[in-house]
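The file final-v4.txt contains compact mmCIF, C-alpha atoms and all ligand atoms:
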# COMPACT_ATOMS: atom_id res chain seq x y z
CA MET T 20 10.62 8.83 20.78
CA LYS T 21 9.85 5.30 21.86
CA LYS T 22 10.45 2.37 19.50
CA ASP T 23 7.44 0.14 19.07
CA ILE T 24 6.82 -3.37 17.77
CA LEU T 25 3.92 -5.35 16.35
CA ASN T 26 3.92 -9.03 15.44
CA VAL T 27 2.15 -10.30 12.37
CA GLU T 28 0.94 -13.72 13.53
CA LEU T 29 1.25 -16.22 10.71
CA GLY T 30 2.51 -19.38 12.44
CA SER T 31 6.02 -20.22 11.30
CA TYR T 32 5.92 -17.22 8.92
CA SER T 33 5.21 -14.71 11.71
CA TYR T 34 7.30 -11.56 11.64
CA PRO T 35 7.77 -8.34 13.56
CA ILE T 36 7.17 -4.80 12.36
CA LEU T 37 9.41 -2.28 14.13
CA PHE T 38 8.31 1.37 14.34
CA GLY T 39 10.48 4.34 15.24
CA ALA T 40 12.30 7.44 14.06
CA GLY T 41 15.83 6.84 12.80
CA LEU T 42 15.63 3.03 12.62
CA LEU T 43 17.50 3.05 9.32
CA HIS T 44 20.70 3.96 11.12
CA GLN T 45 20.33 0.96 13.43
CA ALA T 46 19.27 -1.44 10.68
CA GLY T 47 22.34 -3.68 11.07
CA GLU T 48 21.76 -4.51 14.74
CA LEU T 49 17.98 -4.64 14.39
CA LEU T 50 18.02 -7.09 11.49
CA LEU T 51 20.75 -9.30 12.94
CA ALA T 52 18.85 -9.51 16.24
CA HIS T 53 16.03 -11.05 14.27
CA PHE T 54 17.73 -13.36 11.75
CA SER T 55 21.23 -14.31 10.78
CA PHE T 56 22.70 -13.28 7.42
CA LYS T 57 26.07 -12.15 6.09
CA ARG T 58 25.16 -10.69 2.70
CA ALA T 59 22.45 -8.35 1.55
CA VAL T 60 21.27 -6.88 -1.74
CA ILE T 61 19.43 -3.57 -1.39
CA ILE T 62 16.91 -2.70 -4.09
CA THR T 63 15.81 0.92 -4.13
CA ASP T 64 14.78 3.65 -6.59
CA ASN T 65 16.63 6.75 -7.70
CA ASN T 66 14.64 9.16 -5.48
CA VAL T 67 15.01 7.12 -2.32
CA ALA T 68 18.67 6.28 -3.03
CA LYS T 69 19.55 9.99 -2.86
CA TYR T 70 18.57 10.18 0.79
CA TYR T 71 18.68 6.73 2.32
CA LEU T 72 20.92 4.30 0.41
CA GLU T 73 24.20 5.41 1.95
CA PRO T 74 22.93 5.41 5.58
CA LEU T 75 21.46 1.93 5.12
CA GLN T 76 24.62 0.59 3.48
CA SER T 77 26.76 1.96 6.31
CA ALA T 78 24.43 0.61 8.99
CA LEU T 79 24.74 -2.88 7.50
CA GLN T 80 28.46 -2.72 6.78
CA ASN T 81 29.13 -1.56 10.35
CA VAL T 82 27.94 -4.93 11.62
CA GLY T 83 30.00 -6.85 9.06
CA ILE T 84 27.38 -7.48 6.38
CA LYS T 85 28.56 -7.46 2.77
CA VAL T 86 26.23 -5.19 0.80
CA ASP T 87 25.40 -4.84 -2.90
CA HIS T 88 22.71 -2.61 -4.30
CA PHE T 89 20.64 -1.93 -7.40
CA VAL T 90 18.83 1.33 -8.12
CA ILE T 91 15.74 1.20 -10.35
CA ALA T 92 13.96 4.18 -11.93
CA ALA T 93 11.23 5.59 -9.67
CA GLY T 94 7.67 4.96 -10.84
CA GLU T 95 5.06 2.31 -11.55
CA GLY T 96 6.69 1.47 -14.92
CA SER T 97 9.50 -0.23 -13.01
CA LYS T 98 7.24 -3.07 -11.83
CA SER T 99 7.94 -4.78 -15.17
CA PHE T 100 9.03 -8.20 -16.44
CA ALA T 101 12.11 -6.49 -17.90
CA ASN T 102 13.22 -5.11 -14.52
CA TYR T 103 12.36 -8.35 -12.78
CA GLN T 104 14.53 -10.35 -15.18
CA ASP T 105 17.34 -7.80 -15.11
CA LEU T 106 17.45 -7.81 -11.29
CA CYS T 107 17.33 -11.61 -11.07
CA GLU T 108 20.17 -12.00 -13.61
CA LYS T 109 22.32 -9.35 -11.92
CA ILE T 110 21.78 -10.76 -8.43
CA LEU T 111 22.60 -14.27 -9.71
CA GLU T 112 25.89 -12.91 -11.09
CA LEU T 113 26.74 -12.04 -7.46
CA GLN T 114 26.39 -15.75 -6.63
CA PRO T 115 23.97 -15.36 -3.73
CA ASP T 116 23.31 -18.18 -1.32
CA ARG T 117 20.08 -19.08 0.48
CA ASN T 118 20.92 -16.63 3.29
CA THR T 119 21.49 -13.59 1.10
CA ALA T 120 18.85 -11.09 2.17
CA ILE T 121 16.95 -8.99 -0.36
CA ILE T 122 16.13 -5.61 1.18
CA ALA T 123 13.44 -3.38 -0.33
CA LEU T 124 14.18 0.26 0.49
CA GLY T 125 11.42 2.47 -0.89
CA GLY T 126 7.72 2.75 -1.59
CA GLY T 127 5.25 0.16 -2.80
CA VAL T 128 6.83 -0.06 -6.23
CA VAL T 129 10.22 -1.10 -4.85
CA GLY T 130 8.58 -3.35 -2.21
CA ASP T 131 6.40 -5.18 -4.74
CA LEU T 132 9.22 -5.68 -7.28
CA ALA T 133 11.96 -6.57 -4.78
CA GLY T 134 9.57 -8.89 -2.96
CA PHE T 135 8.73 -10.73 -6.16
CA VAL T 136 12.44 -11.07 -6.93
CA ALA T 137 13.03 -12.39 -3.40
CA SER T 138 10.10 -14.82 -3.64
CA THR T 139 11.45 -16.54 -6.75
CA LEU T 140 15.27 -16.26 -6.67
CA LEU T 141 16.71 -19.62 -5.57
CA ARG T 142 13.07 -20.52 -4.72
CA GLY T 143 12.94 -17.83 -2.06
CA LEU T 144 15.48 -15.59 -0.34
CA PRO T 145 14.99 -13.87 3.03
CA PHE T 146 13.15 -10.63 2.38
CA VAL T 147 13.23 -7.38 4.38
CA GLN T 148 10.88 -4.43 3.87
CA ILE T 149 12.04 -0.91 4.72
CA PRO T 150 9.06 1.13 3.48
CA THR T 151 9.67 4.85 2.96
CA THR T 152 6.24 6.12 1.82
CA LEU T 153 3.17 6.48 4.00
CA LEU T 154 1.29 4.20 1.64
CA ALA T 155 3.94 1.49 1.93
CA GLN T 156 4.11 1.89 5.72
CA VAL T 157 0.36 1.55 6.31
CA ASP T 158 -0.36 -0.94 3.57
CA SER T 159 1.90 -2.47 0.95
CA SER T 160 4.83 -3.56 3.15
CA VAL T 161 2.55 -5.60 5.43
CA GLY T 162 0.77 -8.78 4.40
CA GLY T 163 3.11 -10.35 1.89
CA LYS T 164 1.55 -9.47 -1.45
CA VAL T 165 4.35 -8.95 -3.99
CA ALA T 166 3.90 -8.48 -7.73
CA ILE T 167 4.84 -7.00 -11.06
CA ASN T 168 2.52 -5.69 -13.76
CA ALA T 169 1.53 -7.53 -16.96
CA ARG T 170 0.05 -6.26 -20.25
CA ALA T 171 -3.37 -7.47 -19.03
CA GLY T 172 -3.20 -5.35 -15.88
CA LYS T 173 -1.51 -4.31 -12.66
CA ASN T 174 -0.14 -6.79 -10.11
CA LEU T 175 -1.25 -9.81 -12.13
CA VAL T 176 2.04 -11.71 -11.80
CA GLY T 177 3.00 -12.13 -8.19
CA ALA T 178 3.03 -14.17 -5.04
CA PHE T 179 2.13 -14.18 -1.37
CA TYR T 180 5.58 -13.94 0.20
CA GLN T 181 5.98 -12.68 3.74
CA PRO T 182 9.02 -10.61 4.75
CA LYS T 183 11.28 -11.71 7.63
CA ILE T 184 10.88 -8.30 9.22
CA VAL T 185 9.57 -4.81 8.40
CA LEU T 186 11.46 -1.71 9.58
CA MET T 187 9.32 1.42 9.59
CA ASP T 188 11.56 4.43 9.95
CA LEU T 189 9.18 7.37 10.49
CA SER T 190 11.97 9.86 9.75
CA THR T 191 11.93 8.90 6.07
CA LEU T 192 8.50 10.50 5.65
CA ALA T 193 10.10 13.94 6.06
CA THR T 194 11.36 13.94 2.47
CA LEU T 195 8.14 12.61 0.95
CA ALA T 196 6.23 14.87 -1.48
CA HIS T 197 2.88 16.24 -0.23
CA ALA T 198 1.00 14.44 -3.00
CA GLU T 199 2.49 11.13 -1.83
CA LEU T 200 1.52 11.85 1.80
CA LEU T 201 -2.03 12.45 0.58
CA SER T 202 -1.93 9.19 -1.31
CA GLY T 203 -0.94 7.26 1.83
CA TYR T 204 -3.62 9.08 3.79
CA GLY T 205 -6.30 7.72 1.43
CA GLU T 206 -5.41 4.24 2.68
CA VAL T 207 -5.34 5.43 6.33
CA VAL T 208 -8.91 6.74 6.09
CA LYS T 209 -9.91 3.50 4.37
CA TYR T 210 -8.93 1.53 7.50
CA GLY T 211 -11.19 3.64 9.70
CA LEU T 212 -14.11 3.37 7.32
CA LEU T 213 -13.86 -0.36 6.87
CA GLY T 214 -13.32 -1.47 10.43
CA ASP T 215 -12.97 1.15 13.16
CA ALA T 216 -15.54 3.94 13.51
CA ASP T 217 -13.74 5.53 16.52
CA PHE T 218 -10.44 5.70 14.65
CA TYR T 219 -12.25 7.20 11.65
CA GLN T 220 -13.87 9.87 13.83
CA ARG T 221 -10.48 10.66 15.39
CA LEU T 222 -8.97 11.14 11.94
CA LEU T 223 -11.69 13.65 11.03
CA GLU T 224 -10.98 15.55 14.24
CA LEU T 225 -7.19 15.55 13.79
CA GLY T 226 -7.50 17.76 10.72
CA GLY T 227 -5.77 15.63 8.09
CA VAL T 228 -2.44 14.18 7.15
CA PHE T 229 -0.36 17.37 7.17
CA GLU T 230 -1.40 18.15 10.74
CA ILE T 231 -0.69 14.56 11.76
CA ALA T 232 2.73 14.57 10.04
CA LYS T 233 3.86 17.50 12.23
CA ASN T 234 3.80 15.17 15.22
CA THR T 235 6.04 12.10 14.84
CA GLU T 236 4.61 10.32 17.86
CA LEU T 237 1.07 10.72 16.58
CA THR T 238 2.16 9.65 13.09
CA GLN T 239 3.71 6.51 14.58
CA GLN T 240 0.52 5.74 16.55
CA ILE T 241 -1.61 6.08 13.45
CA ILE T 242 0.67 4.00 11.24
CA LYS T 243 0.84 1.31 13.91
CA HIS T 244 -2.94 1.31 14.24
CA CYS T 245 -3.35 0.75 10.50
CA CYS T 246 -0.74 -2.03 10.54
CA THR T 247 -2.47 -3.66 13.51
CA MET T 248 -5.75 -3.70 11.61
CA LYS T 249 -4.10 -5.11 8.51
CA ALA T 250 -2.11 -7.69 10.50
CA GLU T 251 -5.29 -8.93 12.22
CA ILE T 252 -7.06 -9.36 8.92
CA VAL T 253 -4.05 -11.03 7.24
CA ALA T 254 -3.65 -13.39 10.22
CA VAL T 255 -7.14 -14.82 9.67
CA ASP T 256 -7.13 -14.71 5.86
CA GLU T 257 -3.61 -14.65 4.43
CA TRP T 258 -4.73 -15.86 0.96
CA GLU T 259 -7.65 -13.43 0.52
CA GLN T 260 -10.39 -16.06 0.57
CA GLY T 261 -12.74 -13.83 2.56
CA ARG T 262 -12.14 -11.08 5.09
CA ARG T 263 -8.91 -9.78 3.51
CA ALA T 264 -10.97 -8.63 0.50
CA LEU T 265 -12.51 -5.95 2.78
CA LEU T 266 -9.14 -4.15 2.59
CA ASN T 267 -10.18 -3.41 -0.98
CA LEU T 268 -12.79 -0.87 0.14
CA GLY T 269 -12.85 1.86 -2.53
CA HIS T 270 -10.49 -0.14 -4.74
CA THR T 271 -12.90 -1.31 -7.46
CA PHE T 272 -13.84 2.31 -8.16
CA ALA T 273 -10.19 3.34 -7.81
CA HIS T 274 -8.86 0.65 -10.17
CA ALA T 275 -11.40 1.66 -12.82
CA MET T 276 -10.30 5.32 -12.61
CA GLU T 277 -6.62 4.35 -12.53
CA LYS T 278 -7.01 2.14 -15.60
CA MET T 279 -8.80 4.88 -17.59
CA ALA T 280 -6.11 7.36 -16.56
CA ASP T 281 -3.45 4.92 -17.78
CA TYR T 282 -2.18 4.56 -14.19
CA LYS T 283 -1.17 8.22 -13.97
CA LEU T 284 -3.18 8.77 -10.74
CA LEU T 285 -1.63 8.28 -7.32
CA HIS T 286 -3.14 5.03 -6.06
CA GLY T 287 -4.08 6.19 -2.55
CA GLN T 288 -5.72 9.35 -3.90
CA ALA T 289 -7.85 7.20 -6.22
CA VAL T 290 -8.67 4.98 -3.22
CA ALA T 291 -9.75 8.06 -1.21
CA LEU T 292 -12.22 9.07 -3.91
CA GLY T 293 -13.18 5.40 -4.32
CA CYS T 294 -14.08 5.33 -0.61
CA LEU T 295 -16.41 8.31 -1.07
CA MET T 296 -18.01 6.47 -3.99
CA ALA T 297 -18.33 3.28 -1.92
CA MET T 298 -20.09 5.33 0.79
CA ARG T 299 -22.56 6.70 -1.76
CA LEU T 300 -23.14 3.23 -3.23
CA SER T 301 -23.80 1.94 0.29
CA GLU T 302 -26.32 4.74 0.89
CA LEU T 303 -28.07 3.91 -2.40
CA LEU T 304 -28.23 0.25 -1.37
CA GLY T 305 -30.06 1.30 1.79
CA TYR T 306 -27.28 0.80 4.33
CA ASP T 307 -26.67 3.03 7.33
CA ILE T 308 -24.62 5.68 5.55
CA SER T 309 -26.02 9.20 5.27
CA GLN T 310 -25.42 12.07 2.88
CA ALA T 311 -24.23 14.09 5.91
CA GLN T 312 -21.49 11.51 6.56
CA ILE T 313 -20.41 11.61 2.91
CA THR T 314 -20.32 15.42 2.97
CA ALA T 315 -18.26 15.37 6.18
CA LEU T 316 -15.58 13.23 4.53
CA GLN T 317 -15.71 15.34 1.36
CA ASN T 318 -15.12 18.46 3.43
CA HIS T 319 -12.27 16.78 5.31
CA PHE T 320 -10.60 15.78 2.03
CA LYS T 321 -11.27 19.15 0.39
CA ALA T 322 -9.50 20.96 3.23
CA ILE T 323 -6.29 19.05 2.49
CA ASN T 324 -6.63 19.15 -1.32
CA MET T 325 -7.49 15.50 -1.76
CA PRO T 326 -9.48 14.91 -4.98
CA ILE T 327 -13.21 14.56 -4.20
CA LYS T 328 -14.48 14.49 -7.80
CA ILE T 329 -13.22 12.63 -10.85
CA GLY T 330 -12.58 16.00 -12.53
CA ASP T 331 -10.16 16.95 -9.73
CA PHE T 332 -7.66 14.51 -11.26
CA GLY T 333 -7.10 16.93 -14.16
CA ALA T 334 -8.78 17.89 -17.38
CA SER T 335 -6.45 15.96 -19.67
CA ILE T 336 -8.22 12.62 -19.10
CA ASN T 337 -11.22 11.80 -21.27
CA TRP T 338 -13.54 10.12 -18.75
CA ASP T 339 -16.15 7.79 -20.21
CA ILE T 340 -18.69 6.57 -17.64
CA GLU T 341 -19.68 3.43 -19.59
CA GLU T 342 -16.02 2.49 -19.81
CA LEU T 343 -15.51 3.14 -16.08
CA VAL T 344 -18.38 0.75 -15.29
CA ASN T 345 -16.86 -1.82 -17.69
CA CYS T 346 -13.53 -1.53 -15.89
CA CYS T 347 -15.32 -2.50 -12.65
CA TYR T 348 -16.33 -5.79 -14.29
CA GLY T 349 -12.69 -6.35 -15.18
CA ASP T 350 -11.60 -6.13 -11.58
CA LYS T 351 -10.27 -9.25 -9.84
CA LYS T 352 -13.15 -9.06 -7.35
CA ALA T 353 -15.75 -9.60 -10.13
CA SER T 354 -15.02 -13.31 -9.91
CA ASN T 355 -18.59 -14.56 -10.46
CA GLY T 356 -19.22 -12.37 -13.51
CA GLY T 357 -21.37 -9.85 -11.57
CA LEU T 358 -20.37 -6.47 -10.17
CA ASN T 359 -18.92 -7.03 -6.73
CA PHE T 360 -18.07 -4.22 -4.34
CA VAL T 361 -16.92 -3.73 -0.79
CA VAL T 362 -19.69 -1.63 0.77
CA LEU T 363 -20.30 -0.16 4.21
CA HIS T 364 -23.22 -1.38 6.28
CA ALA T 365 -22.24 1.52 8.54
CA ILE T 366 -19.04 3.49 9.21
CA GLY T 367 -16.53 0.93 10.49
CA ASP T 368 -18.53 -2.04 9.20
CA ALA T 369 -17.52 -3.16 5.71
CA ALA T 370 -18.95 -6.16 3.85
CA LEU T 371 -18.81 -7.73 0.41
CA GLN T 372 -21.80 -7.08 -1.83
CA ASN T 373 -22.24 -9.29 -4.89
CA GLY T 374 -24.40 -8.63 -7.92
CA VAL T 375 -24.57 -4.82 -7.70
CA ALA T 376 -26.70 -3.41 -10.57
CA PRO T 377 -24.50 -1.61 -13.14
CA GLU T 378 -27.03 1.27 -13.24
CA LEU T 379 -26.26 2.07 -9.60
CA VAL T 380 -22.52 2.08 -10.27
CA LYS T 381 -23.09 4.32 -13.28
CA GLN T 382 -25.14 6.70 -11.14
CA VAL T 383 -22.34 6.90 -8.57
CA PHE T 384 -19.67 7.64 -11.20
CA ASN T 385 -21.96 10.29 -12.74
CA GLU T 386 -22.55 11.99 -9.39
CA PHE T 387 -18.80 12.22 -8.79
CA LEU T 388 -17.86 13.40 -12.30
N1 LIG D 1 1.62 -5.26 -2.04
C1 LIG D 1 0.56 -4.65 -1.58
O1 LIG D 1 -0.16 -5.14 -0.70
C2 LIG D 1 0.22 -3.29 -2.13
C3 LIG D 1 -0.77 -2.51 -1.52
C4 LIG D 1 -1.02 -1.23 -2.01
C5 LIG D 1 -0.27 -0.76 -3.08
N2 LIG D 1 0.69 -1.54 -3.66
C6 LIG D 1 1.51 -1.05 -4.76
O2 LIG D 1 2.31 0.01 -4.25
C7 LIG D 1 2.65 0.88 -5.33
C8 LIG D 1 2.48 2.31 -4.88
O3 LIG D 1 3.33 2.52 -3.79
P1 LIG D 1 3.75 4.00 -3.34
O4 LIG D 1 2.55 4.84 -3.27
O5 LIG D 1 4.62 3.84 -2.18
O6 LIG D 1 4.53 4.54 -4.62
P2 LIG D 1 6.06 4.56 -5.07
O7 LIG D 1 6.79 3.38 -4.62
O8 LIG D 1 6.03 4.84 -6.54
O9 LIG D 1 6.62 5.85 -4.31
C9 LIG D 1 6.07 7.10 -4.60
C10 LIG D 1 7.15 8.13 -4.98
O10 LIG D 1 7.79 8.57 -3.79
C11 LIG D 1 9.21 8.43 -3.92
N3 LIG D 1 9.68 8.16 -2.56
C12 LIG D 1 9.53 7.03 -1.84
N4 LIG D 1 9.94 7.23 -0.59
C13 LIG D 1 10.39 8.49 -0.50
C14 LIG D 1 10.91 9.28 0.55
N5 LIG D 1 10.99 8.81 1.79
N6 LIG D 1 11.30 10.54 0.27
C15 LIG D 1 11.17 11.04 -0.99
N7 LIG D 1 10.63 10.36 -2.02
C16 LIG D 1 10.26 9.10 -1.77
C17 LIG D 1 9.39 7.32 -4.92
O11 LIG D 1 10.65 7.41 -5.55
C18 LIG D 1 8.26 7.58 -5.88
O12 LIG D 1 8.61 8.59 -6.79
C19 LIG D 1 1.79 0.48 -6.50
O13 LIG D 1 2.57 -0.23 -7.42
C20 LIG D 1 0.75 -0.44 -5.88
O14 LIG D 1 0.30 -1.45 -6.80
C21 LIG D 1 0.94 -2.79 -3.18

Written as structure tokens, that's how I'd like the structure from this file.
Amino acid sequence: MKKDILNVELGSYSYPILFGAGLLHQAGELLLAHFSFKRAVIITDNNVAKYYLEPLQSALQNVGIKVDHFVIAAGEGSKSFANYQDLCEKILELQPDRNTAIIALGGGVVGDLAGFVASTLLRGLPFVQIPTTLLAQVDSSVGGKVAINARAGKNLVGAFYQPKIVLMDLSTLATLAHAELLSGYGEVVKYGLLGDADFYQRLLELGGVFEIAKNTELTQQIIKHCCTMKAEIVAVDEWEQGRRALLNLGHTFAHAMEKMADYKLLHGQAVALGCLMAMRLSELLGYDISQAQITALQNHFKAINMPIKIGDFGASINWDIEELVNCCYGDKKASNGGLNFVVLHAIGDAALQNGVAPELVKQVFNEFL
């Protein structure tokens, strides 16, 4: 299959995203063609290390790069101050210089943590993203947001720090759990809903993520399309002063559910349900979204076992609607004290809506209980 490339245009911080199957095995040549370095520190997690650490190490060593690595425990809990400090101290013991590259090999957890380490060590080391989940390939590895979690909430300590290059090896998706593919697909559908009605319609017709994943070329096209949309938005609003906030479609609902579930939900699955809720909120606000369109997406999700009701996340969580609405106030986007949401004026046409009445939000949560 053909390799592909996309440039994220950010002036002197511009960088390429390379797409292809098996890129991991060519990582040495591909990275050196883009920037010069002699040492690298790979940060990965224990699941990803099993499959991909050795091939990446060999690919780098084969072109003469000295490689060290650190393996963190898989899971959101690893985006912690403790891990951040531990990694920084251990990497400093290796006496890195300004050209030592930090390579994130893994999903969004590894990318966010390794990126934050890279952004601060020696005031910034060259950073490489090699995302291995669908969610990381379509979303978290592009755009430069890196972060760890604080007691007050997720991703509250972080930076905007762009990678030097992103390598998307489509072959890595073959070992990904079905639930994680679904999670990434939530973000894929989000792109269609927020900015590309034709792409959204195509997704509905393609029959869902498991059908798409059978065809590597199609998977690559779809991932590249999502990255193109994100790159265009990031290029005009790197610091999230305006348009970039539209990428948070479904996220205020999702963050509220994730917080109440103590972050046990898969993020992209919560975003998928959050998008359904955002559609319903948009309909209630009088925008051009119909119940038939909401039902069509529900049916699409249902056919692939994506949660379409809050209860689908499991009976063990004690959902409290008042508390869910309160969590929406707590979201970063509620910056003026009101309830702010990304809504759809129509499919493919997202906009920010300030001052949404809490009763409407409560109604939406109730309808999706
Ligand atoms: N920086 C951003 O812009 C941004 C955007 C969205 C989400 N995020 C963050 O991303 C994180 C979620 O990322 P995620 O969904 O990738 O989760 P993740 O990094 O936890 O990965 C999901 C699971 O899949 C495993 N895994 C990863 N790649 C694999 C592979 N190829 N084969 C087998 N197993 C594999 C991991 O070990 C983990 O258990 C959250 O912390 C979220 O806050 C960041």

Go through T:Ile231, T:Ala369, T:Ala193, T:Val290 one by one, measure the shortest atom-to-atom distance of each to ligand LIG 1 (chain D) using all atoms listed in the file, and give the residue with the smallest value.
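Answer, going by the shortest atom-to-atom distance: T:Ala193.
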
Against ligand LIG 1 (chain D), which residues of chain T fall within 7 Å? For each one I want the closest pair of atoms and the distance in Å (one decimal), counting all atoms listed in the file, rows by chain and increasing residue number, as CSV.
residue,atom,partner,partner_atom,distance
T:Asp64,CA,D:LIG1,O11,5.7
T:Asn65,CA,D:LIG1,O11,6.4
T:Asn66,CA,D:LIG1,O11,4.4
T:Val67,CA,D:LIG1,C13,5.2
T:Ala93,CA,D:LIG1,O11,4.5
T:Gly94,CA,D:LIG1,O8,4.6
T:Glu95,CA,D:LIG1,O13,5.5
T:Gly125,CA,D:LIG1,N4,5.0
T:Gly126,CA,D:LIG1,O7,3.2
T:Gly127,CA,D:LIG1,O3,3.2
T:Val128,CA,D:LIG1,O7,3.8
T:Val129,CA,D:LIG1,O7,5.6
T:Asp131,CA,D:LIG1,N1,5.5
T:Thr151,CA,D:LIG1,N4,4.3
T:Thr152,CA,D:LIG1,N4,4.6
T:Leu153,CA,D:LIG1,O5,6.9
T:Leu154,CA,D:LIG1,O5,5.1
T:Ala155,CA,D:LIG1,O5,4.8
T:Asp158,CA,D:LIG1,C3,5.3
T:Ser159,CA,D:LIG1,C1,3.6
T:Ser160,CA,D:LIG1,N1,6.3
T:Val161,CA,D:LIG1,O1,6.7
T:Gly162,CA,D:LIG1,O1,6.3
T:Gly163,CA,D:LIG1,N1,6.6
T:Lys164,CA,D:LIG1,N1,4.3
T:Val165,CA,D:LIG1,N1,5.0
T:Ala166,CA,D:LIG1,N1,6.9
T:Lys173,CA,D:LIG1,O14,6.8
T:Asn174,CA,D:LIG1,O14,6.3
T:Thr191,CA,D:LIG1,N5,4.4
T:Leu192,CA,D:LIG1,N5,4.9
T:Ala193,CA,D:LIG1,N5,6.7
T:Thr194,CA,D:LIG1,N6,4.1
T:Leu195,CA,D:LIG1,N6,3.8
T:Ala196,CA,D:LIG1,C15,6.3
T:Glu199,CA,D:LIG1,C9,6.1
T:Ser202,CA,D:LIG1,O4,6.5
T:Gly203,CA,D:LIG1,O4,6.6
T:Leu285,CA,D:LIG1,O4,6.8
T:His286,CA,D:LIG1,O4,6.3
T:Gly287,CA,D:LIG1,O4,6.8

Find the residues around stretch 26-32 of chain T up to 10 Å (all atoms listed in the file counted), leave out those fewer than 2 positions away in its own chain, and share them as a PyMOL selection string.
chain T and resi 24+34-37+161-162+180-185+246-247+249-257

Neighbouring residues of stretch 47-49 of chain T were defined as those with any atom within 12 Å, considering only C-alpha atoms; residues of the same chain fewer than 6 positions away were excluded. Please report them as a ChimeraX atom specification.
/T:22,24,35-39,41,55-59,74-86,122,147,149,183-188

For a quick check of your reading of the model, name the residues lying within 6 Å of the coordinate (-18.5, 2.8, 10.3), counting all atoms listed in the file, and write them as a list in words.
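Residues lying no farther than 6 Å from the given point: Leu212, Ala216, Ala365, Ile366, Gly367 and Asp368 of chain T.
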
Point out the residue among T:Thr139, T:Asn234, T:Gln260, T:Asn373 with the least atom-to-atom distance to T:Gln104, counting only C-alpha atoms.
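Selected residue with least distance to T:Gln104: T:Thr139.
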
Which residues of stretch 134-225 of chain T come within 12 Å of stretch 294-315 of chain T, and what is each one's closest atom pair and distance in Å (one decimal), counting all atoms listed in the file, sorted by chain and residue number, as JSON lines?
{"residue": "T:Tyr204", "atom": "CA", "partner": "T:Cys294", "partner_atom": "CA", "distance": 12.0}
{"residue": "T:Gly205", "atom": "CA", "partner": "T:Cys294", "partner_atom": "CA", "distance": 8.4}
{"residue": "T:Glu206", "atom": "CA", "partner": "T:Cys294", "partner_atom": "CA", "distance": 9.3}
{"residue": "T:Val207", "atom": "CA", "partner": "T:Cys294", "partner_atom": "CA", "distance": 11.2}
{"residue": "T:Val208", "atom": "CA", "partner": "T:Cys294", "partner_atom": "CA", "distance": 8.6}
{"residue": "T:Lys209", "atom": "CA", "partner": "T:Cys294", "partner_atom": "CA", "distance": 6.7}
{"residue": "T:Tyr210", "atom": "CA", "partner": "T:Cys294", "partner_atom": "CA", "distance": 10.3}
{"residue": "T:Gly211", "atom": "CA", "partner": "T:Cys294", "partner_atom": "CA", "distance": 10.8}
{"residue": "T:Leu212", "atom": "CA", "partner": "T:Cys294", "partner_atom": "CA", "distance": 8.2}
{"residue": "T:Leu213", "atom": "CA", "partner": "T:Cys294", "partner_atom": "CA", "distance": 9.4}
{"residue": "T:Ala216", "atom": "CA", "partner": "T:Gln312", "partner_atom": "CA", "distance": 11.9}
{"residue": "T:Tyr219", "atom": "CA", "partner": "T:Gln312", "partner_atom": "CA", "distance": 11.4}
{"residue": "T:Gln220", "atom": "CA", "partner": "T:Ala315", "partner_atom": "CA", "distance": 10.4}
{"residue": "T:Leu222", "atom": "CA", "partner": "T:Ala315", "partner_atom": "CA", "distance": 11.7}
{"residue": "T:Leu223", "atom": "CA", "partner": "T:Ala315", "partner_atom": "CA", "distance": 8.3}
{"residue": "T:Glu224", "atom": "CA", "partner": "T:Ala315", "partner_atom": "CA", "distance": 10.9}

Would you mind reading off the distance between atom CA of T:Leu72 and atom CA of T:Gly130, one decimal, in Å?
14.8 Å

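As for atom CA of T:Arg262 and atom CA of T:Glu342, they are spaced 28.6 Å apart.
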
Per-axis box centre and lengths in Å around stretch 304-321 of chain T, 5 Å margin per side, axis-aligned, as AutoDock Vina command-line options:
--center_x -20.3 --center_y 9.7 --center_z 3.0 --size_x 29.5 --size_y 28.9 --size_z 18.7

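Compared by their closest atoms to T:Phe135, and using all atoms listed in the file, the residues T:Phe387, T:Arg170, T:Arg117, T:Ala178 rank with T:Ala178 nearest.
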
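For the residues T:Gly177, T:Gly226, T:Gly357, T:Gly214, ranking by smallest atom-to-atom distance to T:Ile323 using all atoms listed in the file places T:Gly226 first.
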